[in-house]
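With mmCIF, C-alpha atoms inside, this is work18.cif:
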data_protein
loop_
_atom_site.label_atom_id
_atom_site.label_comp_id
_atom_site.auth_asym_id
_atom_site.auth_seq_id
_atom_site.Cartn_x
_atom_site.Cartn_y
_atom_site.Cartn_z
CA MET A 1169 93.54 129.95 86.11
CA LYS A 1170 90.84 129.04 88.61
CA THR A 1171 91.71 126.88 91.63
CA ILE A 1172 89.16 124.61 93.31
CA PHE A 1173 89.84 123.99 96.99
CA SER A 1174 87.91 122.63 99.96
CA PRO A 1175 88.80 123.42 103.59
CA ARG A 1176 87.19 120.10 104.52
CA HIS A 1177 90.52 118.43 103.75
CA ALA A 1178 91.61 119.51 107.24
CA GLY A 1179 89.43 116.81 108.82
CA HIS A 1180 92.04 114.29 107.70
CA ALA A 1181 94.63 115.21 110.32
CA GLY A 1182 96.60 113.75 113.18
CA ASN A 1183 96.85 110.29 111.64
CA VAL A 1184 100.00 108.20 111.66
CA GLU A 1185 101.59 105.81 109.18
CA LEU A 1186 104.10 102.98 109.12
CA ASP A 1187 107.35 104.28 107.63
CA ALA A 1188 109.85 101.42 107.19
CA ASN A 1189 110.76 100.82 110.84
CA ALA A 1190 108.54 103.14 112.86
CA ILE A 1191 105.04 104.51 113.33
CA VAL A 1192 105.37 108.22 112.51
CA PRO A 1193 103.09 111.22 111.94
CA ALA A 1194 101.82 111.07 108.38
CA TYR A 1195 103.96 113.00 105.89
CA GLU A 1196 100.75 113.83 104.01
CA LYS A 1197 99.38 116.53 106.31
CA PRO A 1198 97.00 119.51 106.12
CA ALA A 1199 99.77 122.12 105.87
CA ARG A 1200 100.54 120.87 102.35
CA ALA A 1201 97.25 122.07 100.90
CA GLU A 1202 97.13 125.27 102.94
CA ILE A 1203 100.59 126.36 101.80
CA VAL A 1204 99.73 125.71 98.15
CA ARG A 1205 96.48 127.65 98.48
CA ALA A 1206 98.31 130.56 100.10
CA ARG A 1207 100.83 130.61 97.26
CA VAL A 1208 98.04 130.58 94.65
CA GLU A 1209 96.65 133.70 96.30
CA ALA A 1210 100.04 135.35 96.79
CA VAL A 1211 100.96 135.20 93.11
CA GLY A 1212 97.48 136.14 91.90
CA LEU A 1213 97.04 132.97 89.86
CA GLY A 1214 93.26 133.44 89.83
CA PRO A 1215 90.20 132.98 91.99
CA VAL A 1216 90.03 130.19 94.58
CA LEU A 1217 86.59 128.60 94.51
CA GLY A 1218 84.87 125.93 96.56
CA PRO A 1219 83.72 122.66 95.01
CA ALA A 1220 80.20 121.72 94.04
CA ALA A 1221 78.85 118.51 95.53
CA HIS A 1222 79.01 115.48 93.23
CA ASP A 1223 77.68 111.98 93.66
CA LEU A 1224 79.93 108.96 93.26
CA ALA A 1225 78.45 107.78 89.96
CA THR A 1226 81.60 108.50 87.96
CA ALA A 1227 83.84 107.15 90.69
CA ARG A 1228 81.91 103.87 90.48
CA LYS A 1229 83.05 103.55 86.86
CA VAL A 1230 86.73 103.49 87.83
CA HIS A 1231 86.49 101.98 91.33
CA LYS A 1232 84.72 98.79 92.38
CA PRO A 1233 81.41 99.63 94.10
CA ALA A 1234 82.21 97.43 97.12
CA TYR A 1235 85.46 99.34 97.66
CA LEU A 1236 83.72 102.72 97.48
CA ASP A 1237 81.02 101.47 99.85
CA PHE A 1238 83.72 100.44 102.32
CA LEU A 1239 85.52 103.79 102.58
CA PRO A 1240 82.80 105.79 104.40
CA THR A 1241 82.36 103.03 106.97
CA VAL A 1242 85.98 102.55 108.05
CA TYR A 1243 86.25 104.75 111.10
CA SER A 1244 82.84 103.98 112.56
CA GLU A 1245 83.56 100.26 112.18
CA TRP A 1246 86.99 100.79 113.76
CA GLU A 1247 85.37 102.39 116.80
CA LYS A 1248 82.64 99.73 116.99
CA ALA A 1249 85.42 97.15 117.21
CA GLY A 1250 86.69 98.92 120.35
CA ARG A 1251 89.62 100.59 118.59
CA SER A 1252 90.75 104.19 118.84
CA GLY A 1253 93.42 106.36 117.28
CA THR A 1254 94.49 105.82 113.67
CA ALA A 1255 92.85 102.99 111.75
CA MET A 1256 95.42 101.14 109.67
CA PRO A 1257 95.87 97.65 108.22
CA TYR A 1258 98.44 95.13 109.36
CA VAL A 1259 97.67 92.01 107.31
CA TRP A 1260 97.21 91.56 103.54
CA PRO A 1261 96.02 88.71 101.24
CA THR A 1262 99.35 88.18 99.51
CA ARG A 1263 100.36 85.31 97.18
CA GLY A 1264 99.02 81.97 98.39
CA LEU A 1265 96.26 83.57 100.47
CA ARG A 1266 92.69 84.16 99.32
CA GLY A 1267 91.91 87.62 98.00
CA ASP A 1268 88.48 86.80 96.65
CA VAL A 1269 86.54 86.59 99.93
CA GLU A 1270 86.04 89.81 101.87
CA PRO A 1271 86.39 89.19 105.61
CA ARG A 1272 84.08 90.66 108.23
CA SER A 1273 86.49 92.24 110.74
CA ILE A 1274 87.51 95.84 110.15
CA GLU A 1275 91.19 95.04 110.72
CA ALA A 1276 91.12 92.42 107.97
CA ARG A 1277 89.03 94.53 105.61
CA LEU A 1278 91.56 97.34 105.86
CA GLY A 1279 94.17 94.92 104.55
CA PHE A 1280 91.80 93.47 101.96
CA TYR A 1281 91.38 96.94 100.38
CA SER A 1282 94.94 98.27 100.66
CA PHE A 1283 98.50 97.60 99.63
CA ASP A 1284 100.39 99.47 102.37
CA CYS A 1285 100.02 101.30 105.69
CA GLY A 1286 100.04 104.77 104.18
CA ALA A 1287 96.31 105.27 103.62
CA THR A 1288 95.16 105.49 107.22
CA PHE A 1289 91.95 106.85 108.77
CA VAL A 1290 90.79 109.16 111.51
CA GLY A 1291 87.29 110.44 112.15
CA GLY A 1292 87.38 113.13 109.44
CA THR A 1293 89.10 111.11 106.74
CA TRP A 1294 86.08 110.10 104.67
CA ASP A 1295 84.73 113.65 104.53
CA ALA A 1296 88.14 114.83 103.31
CA ILE A 1297 88.25 112.07 100.69
CA LYS A 1298 84.80 113.01 99.41
CA SER A 1299 85.65 116.71 99.29
CA SER A 1300 88.84 115.96 97.35
CA HIS A 1301 86.78 113.97 94.83
CA ASP A 1302 84.38 116.92 94.53
CA VAL A 1303 87.28 119.31 93.99
CA ALA A 1304 88.56 117.24 91.07
CA LEU A 1305 85.17 116.97 89.36
CA THR A 1306 84.38 120.64 89.83
CA ALA A 1307 87.69 121.60 88.23
CA ALA A 1308 87.09 119.10 85.42
CA GLY A 1309 83.79 120.84 84.78
CA LEU A 1310 85.60 124.14 84.24
CA VAL A 1311 87.85 122.57 81.63
CA ALA A 1312 84.93 120.87 79.89
CA ALA A 1313 83.11 124.23 79.82
CA GLY A 1314 85.95 125.86 77.89
CA GLU A 1315 88.56 127.01 80.39
CA ARG A 1316 92.09 126.54 79.05
CA ALA A 1317 93.12 125.06 82.40
CA ALA A 1318 92.01 124.60 85.99
CA PHE A 1319 93.76 123.50 89.19
CA ALA A 1320 92.17 120.90 91.46
CA LEU A 1321 93.92 121.43 94.79
CA CYS A 1322 93.05 117.95 96.01
CA ARG A 1323 93.84 116.57 99.42
CA PRO A 1324 94.08 113.66 100.03
CA PRO A 1325 95.84 112.85 96.75
CA GLY A 1326 94.72 109.96 94.56
CA HIS A 1327 97.11 108.43 92.03
CA HIS A 1328 98.11 105.38 94.11
CA ALA A 1329 94.45 104.32 94.55
CA GLY A 1330 93.41 101.55 92.17
CA SER A 1331 90.07 100.13 91.21
CA ALA A 1332 89.73 98.30 94.55
CA PHE A 1333 92.69 99.34 96.69
CA MET A 1334 94.06 102.29 98.61
CA GLY A 1335 97.63 103.11 99.55
CA GLY A 1336 100.27 105.82 99.46
CA TYR A 1337 97.95 108.37 101.13
CA CYS A 1338 95.39 107.80 98.34
CA TYR A 1339 91.80 106.54 98.57
CA ILE A 1340 89.78 107.75 95.55
CA ASN A 1341 91.82 108.29 92.40
CA ASN A 1342 90.91 111.91 91.70
CA ALA A 1343 92.76 112.10 88.36
CA ALA A 1344 91.17 108.88 87.12
CA VAL A 1345 87.68 109.99 88.14
CA ALA A 1346 88.23 113.34 86.41
CA ALA A 1347 89.48 111.63 83.25
CA GLU A 1348 86.44 109.36 83.22
CA TRP A 1349 84.15 112.35 83.73
CA LEU A 1350 85.80 114.20 80.83
CA ARG A 1351 85.27 111.10 78.66
CA ASP A 1352 81.61 111.02 79.62
CA ASN A 1353 81.24 114.72 78.83
CA GLY A 1354 82.55 115.00 75.31
CA ALA A 1355 86.24 114.08 75.25
CA ALA A 1356 86.76 111.14 72.89
CA ARG A 1357 90.33 110.67 74.12
CA VAL A 1358 92.02 111.80 77.32
CA SER A 1359 95.68 111.62 78.32
CA ILE A 1360 96.91 111.50 81.92
CA LEU A 1361 100.45 112.76 82.51
CA ASP A 1362 101.77 111.81 85.94
CA VAL A 1363 104.87 113.78 86.95
CA ASP A 1364 104.96 112.69 90.59
CA TYR A 1365 108.22 111.17 91.85
CA HIS A 1366 106.36 107.96 92.68
CA HIS A 1367 104.71 105.90 89.96
CA GLY A 1368 100.94 106.35 89.65
CA ASN A 1369 100.27 102.64 90.06
CA GLY A 1370 96.58 103.08 90.75
CA THR A 1371 95.98 105.14 87.62
CA GLN A 1372 97.85 102.60 85.52
CA GLU A 1373 95.83 99.71 86.95
CA ILE A 1374 92.50 101.44 86.34
CA PHE A 1375 93.09 102.21 82.66
CA TYR A 1376 95.50 99.41 81.71
CA ALA A 1377 93.10 97.67 79.32
CA ARG A 1378 91.65 100.84 77.78
CA ALA A 1379 92.61 102.79 74.66
CA ASP A 1380 90.49 105.89 75.29
CA VAL A 1381 92.55 107.07 78.30
CA GLN A 1382 96.30 107.14 77.70
CA VAL A 1383 98.46 107.03 80.84
CA VAL A 1384 102.03 108.38 80.80
CA ASN A 1385 104.16 108.20 83.96
CA LEU A 1386 107.66 109.55 84.58
CA HIS A 1387 108.91 108.49 87.98
CA ALA A 1388 111.65 106.88 90.04
CA ASP A 1389 112.69 103.39 88.99
CA PRO A 1390 110.45 100.89 90.83
CA LEU A 1391 113.41 98.54 91.25
CA ALA A 1392 114.68 101.02 93.83
CA GLU A 1393 111.68 103.13 94.88
CA TYR A 1394 108.08 102.94 96.11
CA PRO A 1395 105.60 101.62 95.03
CA TYR A 1396 108.11 98.97 93.81
CA PHE A 1397 105.67 96.50 92.25
CA LEU A 1398 104.53 98.48 89.21
CA GLY A 1399 105.98 101.12 86.91
CA HIS A 1400 108.46 99.24 84.70
CA ALA A 1401 109.02 100.29 81.09
CA ASP A 1402 107.69 97.01 79.69
CA GLU A 1403 104.20 97.63 81.12
CA ARG A 1404 102.51 98.82 77.94
CA GLY A 1405 98.85 98.01 78.53
CA ALA A 1406 96.74 94.94 77.84
CA GLY A 1407 94.03 94.00 75.38
CA ALA A 1408 92.48 97.11 73.88
CA GLY A 1409 94.88 99.17 76.00
CA ASP A 1410 98.04 97.65 74.56
CA GLY A 1411 100.32 100.55 73.64
CA PHE A 1412 98.39 103.17 75.59
CA ASN A 1413 100.30 102.87 78.89
CA HIS A 1414 103.79 104.38 79.00
CA ASN A 1415 106.26 104.29 81.88
CA LEU A 1416 109.46 106.33 81.90
CA PRO A 1417 111.34 105.14 85.01
CA LEU A 1418 114.38 107.22 85.98
CA PRO A 1419 117.35 106.48 88.25
CA LEU A 1420 117.58 107.85 91.76
CA GLY A 1421 119.41 111.16 91.79
CA THR A 1422 117.97 112.33 88.46
CA ALA A 1423 118.28 116.09 88.01
CA TRP A 1424 116.73 118.48 85.48
CA ALA A 1425 118.69 117.36 82.42
CA GLY A 1426 117.56 113.74 82.61
CA TRP A 1427 114.10 114.52 83.95
CA SER A 1428 113.33 117.14 81.30
CA ALA A 1429 114.40 114.77 78.54
CA ALA A 1430 111.86 112.26 79.87
CA LEU A 1431 109.23 115.00 79.98
CA ASP A 1432 109.91 115.78 76.32
CA THR A 1433 109.42 112.08 75.50
CA ALA A 1434 106.20 112.01 77.51
CA CYS A 1435 104.86 115.10 75.77
CA GLY A 1436 105.68 113.57 72.40
CA LEU A 1437 103.66 110.48 73.30
CA ILE A 1438 100.74 112.64 74.37
CA ALA A 1439 100.83 114.73 71.21
CA ALA A 1440 100.79 111.54 69.12
CA HIS A 1441 97.69 110.34 71.00
CA ARG A 1442 95.89 113.57 70.02
CA PRO A 1443 93.73 113.78 73.15
CA ASP A 1444 90.83 116.15 73.56
CA ALA A 1445 91.90 116.90 77.14
CA LEU A 1446 94.91 116.40 79.38
CA VAL A 1447 94.89 115.56 83.09
CA VAL A 1448 98.18 116.23 84.90
CA SER A 1449 98.80 114.37 88.14
CA LEU A 1450 100.88 117.14 89.67
CA GLY A 1451 103.32 115.77 92.22
CA VAL A 1452 106.23 118.00 93.22
CA ASP A 1453 108.08 115.43 95.34
CA THR A 1454 110.70 115.47 92.58
CA PHE A 1455 112.17 118.41 94.54
CA GLU A 1456 115.76 118.07 95.71
CA ARG A 1457 114.85 118.52 99.39
CA ASP A 1458 111.75 116.35 99.53
CA PRO A 1459 112.05 114.21 102.68
CA ILE A 1460 110.83 110.94 101.13
CA SER A 1461 112.13 111.23 97.57
CA ARG A 1462 115.46 111.20 95.76
CA PHE A 1463 115.36 113.32 92.61
CA ARG A 1464 117.18 116.66 92.36
CA LEU A 1465 114.87 119.17 90.72
CA THR A 1466 115.13 122.73 92.01
CA SER A 1467 112.42 125.35 92.47
CA ALA A 1468 113.61 127.05 89.27
CA ASP A 1469 112.73 123.91 87.30
CA TYR A 1470 109.00 123.83 88.03
CA PRO A 1471 107.95 126.78 85.82
CA LYS A 1472 109.82 125.06 82.98
CA ILE A 1473 107.65 121.98 83.51
CA GLY A 1474 104.54 124.12 83.17
CA ARG A 1475 105.82 125.83 80.04
CA ARG A 1476 106.57 122.47 78.39
CA ILE A 1477 103.11 121.13 79.21
CA GLY A 1478 101.60 124.37 77.95
CA ARG A 1479 103.20 123.84 74.55
CA LEU A 1480 100.89 120.86 74.05
CA ALA A 1481 98.07 123.42 73.69
CA LEU A 1482 95.47 121.15 75.25
CA PRO A 1483 92.61 121.84 77.66
CA THR A 1484 94.41 120.87 80.87
CA LEU A 1485 93.32 119.87 84.35
CA PHE A 1486 96.02 119.91 87.02
CA VAL A 1487 95.27 117.58 89.95
CA MET A 1488 97.40 117.88 93.09
CA GLU A 1489 99.24 114.71 94.11
CA GLY A 1490 102.43 114.41 96.18
CA GLY A 1491 105.11 116.72 97.53
CA TYR A 1492 106.25 116.67 101.14
CA ALA A 1493 108.89 119.40 101.48
CA VAL A 1494 106.16 121.53 102.97
CA GLU A 1495 108.02 124.84 103.09
CA GLU A 1496 108.61 124.78 99.32
CA ILE A 1497 105.53 122.92 98.13
CA GLY A 1498 103.63 126.11 97.32
CA VAL A 1499 106.45 127.66 95.33
CA ASN A 1500 107.01 124.46 93.39
CA ALA A 1501 103.41 123.47 92.65
CA VAL A 1502 102.30 126.97 91.75
CA GLY A 1503 105.50 127.41 89.74
CA VAL A 1504 104.23 124.72 87.36
CA LEU A 1505 100.93 126.55 87.01
CA THR A 1506 102.43 129.98 86.38
CA GLY A 1507 104.83 128.45 83.89
CA PHE A 1508 101.87 126.89 82.08
CA GLU A 1509 100.11 130.26 82.00
CA GLU A 1510 103.21 131.85 80.45
CA GLY A 1511 103.53 129.18 77.77
#
Turn this file's structure into structure tokens for me.
Amino acid sequence: MKTIFSPRHAGHAGNVELDANAIVPAYEKPARAEIVRARVEAVGLGPVLGPAAHDLATARKVHKPAYLDFLPTVYSEWEKAGRSGTAMPYVWPTRGLRGDVEPRSIEARLGFYSFDCGATFVGGTWDAIKSSHDVALTAAGLVAAGERAAFALCRPPGHHAGSAFMGGYCYINNAAVAAEWLRDNGAARVSILDVDYHHGNGTQEIFYARADVQVVNLHADPLAEYPYFLGHADERGAGAGDGFNHNLPLPLGTAWAGWSAALDTACGLIAAHRPDALVVSLGVDTFERDPISRFRLTSADYPKIGRRIGRLALPTLFVMEGGYAVEEIGVNAVGVLTGFEEG
């Protein structure tokens, strides 16, 4: 299996985030991607290749153009406003406030285009975002060209980014852009399977009214876990997309027995959809020692995930999402990929 990886991710470094009651160094940090890449090489998964440059034409089909135009300007506007350090929002257009008029100030625009304080900016953030987007599309191209599978080692991740909002360390929704690209390049139907601990709220929002891209999420119950405001089982899609969105929320503390049963259900839904390609939002923050998550999967479980996905026998693109137990992230993420190769 080929891995696509860009060292430009490292420009997104040294930023901070708001974590409940404190400003802390971001949990989403460069070591995550470097450890996964090193593990890919250590196990001999396959060649690690750089991405080709892609324009944002496909991204503009899943994200609002004004939002995409905003992202490259954030840090320069932050500095022009006399600010330094990490750029982050602190005010949002919630219920009762106007969300239809974009303000001029950078502080307000950050809130206008976000839903939390997790997607923050430093000087190299946009270049990292763009390189992550390029990684996903380059890997999608391998799958479209006939590879059984490819691994997009994306950083920053993407599944919390919606059509016009960022959050949860995510800016461009790499999995959604890749799915759209696969649709535009011959796949009549695509399924997205999100196995991250946290619900892929951005992916759901993007495709909620569409029948050509099925979205299946298994994740922690949003009544008790981030992102809280989306991911319930009764969210089934709307309009043409009714019945093509599936959420499998699980209680905190879920271990392999309960989680694997949900994975079987998810795979059954995907098989019934009969997609031409599968995109897997690969989060490994389901791990028992993840610092910001509360499931209880062990490292031995991740190859079993890959084997089960492999049994679907679909052209498959793996897109890296979350996972913050940095010491084990390589073993766990690459475990899914080697398990898939065995299946």
Name the residues that the PyMOL selection byres ((chain A and resi 1424) around 10) picks from the file above, as a short mmCIF file (atom, residue, chain, number, x, y, z; two decimals) with C-alpha atoms, keeping the file's coordinate frame, using the file's chain letters and numbers.
data_model
loop_
_atom_site.label_atom_id
_atom_site.label_comp_id
_atom_site.auth_asym_id
_atom_site.auth_seq_id
_atom_site.Cartn_x
_atom_site.Cartn_y
_atom_site.Cartn_z
CA THR A 1422 117.97 112.33 88.46
CA ALA A 1423 118.28 116.09 88.01
CA ALA A 1425 118.69 117.36 82.42
CA GLY A 1426 117.56 113.74 82.61
CA TRP A 1427 114.10 114.52 83.95
CA SER A 1428 113.33 117.14 81.30
CA ALA A 1429 114.40 114.77 78.54
CA ALA A 1430 111.86 112.26 79.87
CA LEU A 1431 109.23 115.00 79.98
CA THR A 1454 110.70 115.47 92.58
CA PHE A 1463 115.36 113.32 92.61
CA ARG A 1464 117.18 116.66 92.36
CA LEU A 1465 114.87 119.17 90.72
CA THR A 1466 115.13 122.73 92.01
CA ALA A 1468 113.61 127.05 89.27
CA ASP A 1469 112.73 123.91 87.30
CA TYR A 1470 109.00 123.83 88.03
CA LYS A 1472 109.82 125.06 82.98
CA ILE A 1473 107.65 121.98 83.51
#
Go ahead and compute the interatomic distance for CA of His1180 (chain A) and CA of Val1290 (chain A), in Å to one decimal.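 Value for the CA of His1180 (chain A)-CA of Val1290 (chain A) distance: 6.5 Å.
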Give one line per residue of region 1387-1460 of chain A that approaches region 1335-1356 of chain A to at most 10 Å, naming the two atoms of the closest pair and their distance in Å to one decimal, counting all atoms listed in the file; sort by chain then ascending residue number and deliver it as a Markdown table.
| residue | atom | partner | partner_atom | distance |
| --- | --- | --- | --- | --- |
| A:Tyr1394 | CA | A:Gly1336 | CA | 9.0 |
| A:Pro1395 | CA | A:Gly1336 | CA | 8.1 |
| A:Arg1442 | CA | A:Ala1356 | CA | 9.9 |
| A:Pro1443 | CA | A:Ala1356 | CA | 7.5 |
| A:Asp1444 | CA | A:Ala1355 | CA | 5.3 |
| A:Ala1445 | CA | A:Ala1355 | CA | 6.6 |
| A:Leu1446 | CA | A:Ala1347 | CA | 8.2 |
| A:Val1447 | CA | A:Ala1343 | CA | 6.7 |
| A:Val1448 | CA | A:Ala1343 | CA | 7.6 |
| A:Ser1449 | CA | A:Ala1343 | CA | 6.5 |
| A:Leu1450 | CA | A:Ala1343 | CA | 9.6 |
Close residues, Pro1471 (chain A) itself excluded, 9 Å, all atoms listed in the file, min 2 positions apart in chain, as a CSV table (one decimal) with C-alpha atoms, keeping the file's coordinate frame:
chain,number,residue,atom,x,y,z
A,1467,SER,CA,112.4,125.4,92.5
A,1468,ALA,CA,113.6,127.0,89.3
A,1469,ASP,CA,112.7,123.9,87.3
A,1473,ILE,CA,107.6,122.0,83.5
A,1474,GLY,CA,104.5,124.1,83.2
A,1475,ARG,CA,105.8,125.8,80.0
A,1476,ARG,CA,106.6,122.5,78.4
A,1500,ASN,CA,107.0,124.5,93.4
A,1501,ALA,CA,103.4,123.5,92.6
A,1502,VAL,CA,102.3,127.0,91.8
A,1503,GLY,CA,105.5,127.4,89.7
A,1504,VAL,CA,104.2,124.7,87.4
A,1505,LEU,CA,100.9,126.6,87.0
A,1506,THR,CA,102.4,130.0,86.4
A,1507,GLY,CA,104.8,128.4,83.9
A,1508,PHE,CA,101.9,126.9,82.1
A,1510,GLU,CA,103.2,131.8,80.4
Name the closest residue to Gly1399 (chain A) among the candidates A:Glu1373, A:Glu1202, A:Glu1185, A:Asp1284; distances are taken between atoms, counting only C-alpha atoms.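 When distances to Gly1399 (chain A) are compared using only C-alpha atoms, the smallest one comes from A:Glu1373.
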Selected by the PyMOL selection byres ((chain A and resi 1229) around 10) in the shown coordinates: which residues, as a compact mmCIF listing (two decimals) with C-alpha atoms, keeping the file's coordinate frame?
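In the end it all went to part_27.txt:
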# COMPACT_ATOMS: atom_id res chain seq x y z
CA LEU A 1224 79.93 108.96 93.26
CA ALA A 1225 78.45 107.78 89.96
CA THR A 1226 81.60 108.50 87.96
CA ALA A 1227 83.84 107.15 90.69
CA ARG A 1228 81.91 103.87 90.48
CA VAL A 1230 86.73 103.49 87.83
CA HIS A 1231 86.49 101.98 91.33
CA LYS A 1232 84.72 98.79 92.38
CA PRO A 1233 81.41 99.63 94.10
CA SER A 1331 90.07 100.13 91.21
CA ALA A 1344 91.17 108.88 87.12
CA VAL A 1345 87.68 109.99 88.14
CA GLU A 1348 86.44 109.36 83.22
CA TRP A 1349 84.15 112.35 83.73
CA ILE A 1374 92.50 101.44 86.34
Of the residues A:Gly1309, A:Gly1212, A:Gly1291, A:Pro1261, which is the one nearest to Ile1172 (chain A), using all atoms listed in the file?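 Going through A:Gly1309, A:Gly1212, A:Gly1291, A:Pro1261 one by one, the smallest distance to Ile1172 (chain A) is for A:Gly1309.
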Expand the PyMOL selection byres ((chain A and resi 1220) around 8) into the explicit residue set it covers here, and present it as an mmCIF file with C-alpha atoms, keeping the file's coordinate frame.
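Output file expr-v6.cif is given in full below:
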data_model
loop_
_atom_site.group_PDB
_atom_site.id
_atom_site.type_symbol
_atom_site.label_atom_id
_atom_site.label_comp_id
_atom_site.auth_asym_id
_atom_site.auth_seq_id
_atom_site.Cartn_x
_atom_site.Cartn_y
_atom_site.Cartn_z
ATOM 1 C CA GLY A 1218 84.870 125.930 96.560
ATOM 2 C CA PRO A 1219 83.720 122.660 95.010
ATOM 3 C CA ALA A 1221 78.850 118.510 95.530
ATOM 4 C CA HIS A 1222 79.010 115.480 93.230
ATOM 5 C CA ASP A 1302 84.380 116.920 94.530
ATOM 6 C CA VAL A 1303 87.280 119.310 93.990
ATOM 7 C CA THR A 1306 84.380 120.640 89.830
#
A:Glu1275, A:Asp1187, A:Asp1295, A:Glu1496 ranked by distance to Arg1251 (chain A), top pick (using all atoms listed in the file):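 Ranked by minimum distance to Arg1251 (chain A), first place goes to A:Glu1275.
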Do you have the CA of Gly1421 (chain A)-CA of Glu1196 (chain A) distance handy?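 It comes out at 22.5 Å.
When the distance limit is 9 Å and all atoms listed in the file are what count, the residues near Gly1182 (chain A), minus those fewer than 5 positions from it on the same chain, are A:Pro1193, A:Ala1194, A:Lys1197, A:Thr1254, A:Val1290.
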Return region 1429-1434 of chain A, completed with all heavy atoms, as an mmCIF file, keeping the file's coordinate frame.
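Saved as result-v6.cif:
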data_model
loop_
_atom_site.group_PDB
_atom_site.id
_atom_site.type_symbol
_atom_site.label_atom_id
_atom_site.label_comp_id
_atom_site.auth_asym_id
_atom_site.auth_seq_id
_atom_site.Cartn_x
_atom_site.Cartn_y
_atom_site.Cartn_z
ATOM 1 N N ALA A 1429 114.379 115.586 79.755
ATOM 2 C CA ALA A 1429 114.400 114.770 78.540
ATOM 3 C C ALA A 1429 113.252 113.758 78.563
ATOM 4 O O ALA A 1429 112.589 113.518 77.548
ATOM 5 C CB ALA A 1429 115.742 114.053 78.418
ATOM 6 N N ALA A 1430 112.992 113.178 79.739
ATOM 7 C CA ALA A 1430 111.860 112.260 79.870
ATOM 8 C C ALA A 1430 110.543 112.993 79.672
ATOM 9 O O ALA A 1430 109.598 112.456 79.071
ATOM 10 C CB ALA A 1430 111.902 111.566 81.228
ATOM 11 N N LEU A 1431 110.444 114.220 80.180
ATOM 12 C CA LEU A 1431 109.230 115.000 79.980
ATOM 13 C C LEU A 1431 108.993 115.274 78.504
ATOM 14 O O LEU A 1431 107.854 115.194 78.016
ATOM 15 C CB LEU A 1431 109.306 116.319 80.760
ATOM 16 C CG LEU A 1431 108.090 117.243 80.613
ATOM 17 C CD1 LEU A 1431 106.820 116.577 81.141
ATOM 18 C CD2 LEU A 1431 108.334 118.568 81.331
ATOM 19 N N ASP A 1432 110.053 115.582 77.769
ATOM 20 C CA ASP A 1432 109.910 115.780 76.320
ATOM 21 C C ASP A 1432 109.372 114.514 75.652
ATOM 22 O O ASP A 1432 108.508 114.578 74.773
ATOM 23 C CB ASP A 1432 111.256 116.161 75.698
ATOM 24 C CG ASP A 1432 111.597 117.632 75.893
ATOM 25 O OD1 ASP A 1432 110.672 118.439 76.100
ATOM 26 O OD2 ASP A 1432 112.791 117.967 75.835
ATOM 27 N N THR A 1433 109.914 113.363 76.047
ATOM 28 C CA THR A 1433 109.420 112.080 75.500
ATOM 29 C C THR A 1433 107.950 111.895 75.830
ATOM 30 O O THR A 1433 107.145 111.513 74.968
ATOM 31 C CB THR A 1433 110.249 110.918 76.053
ATOM 32 O OG1 THR A 1433 111.615 111.071 75.652
ATOM 33 C CG2 THR A 1433 109.722 109.588 75.540
ATOM 34 N N ALA A 1434 107.588 112.159 77.083
ATOM 35 C CA ALA A 1434 106.200 112.010 77.510
ATOM 36 C C ALA A 1434 105.277 112.928 76.707
ATOM 37 O O ALA A 1434 104.196 112.511 76.253
ATOM 38 C CB ALA A 1434 106.077 112.310 79.000
#
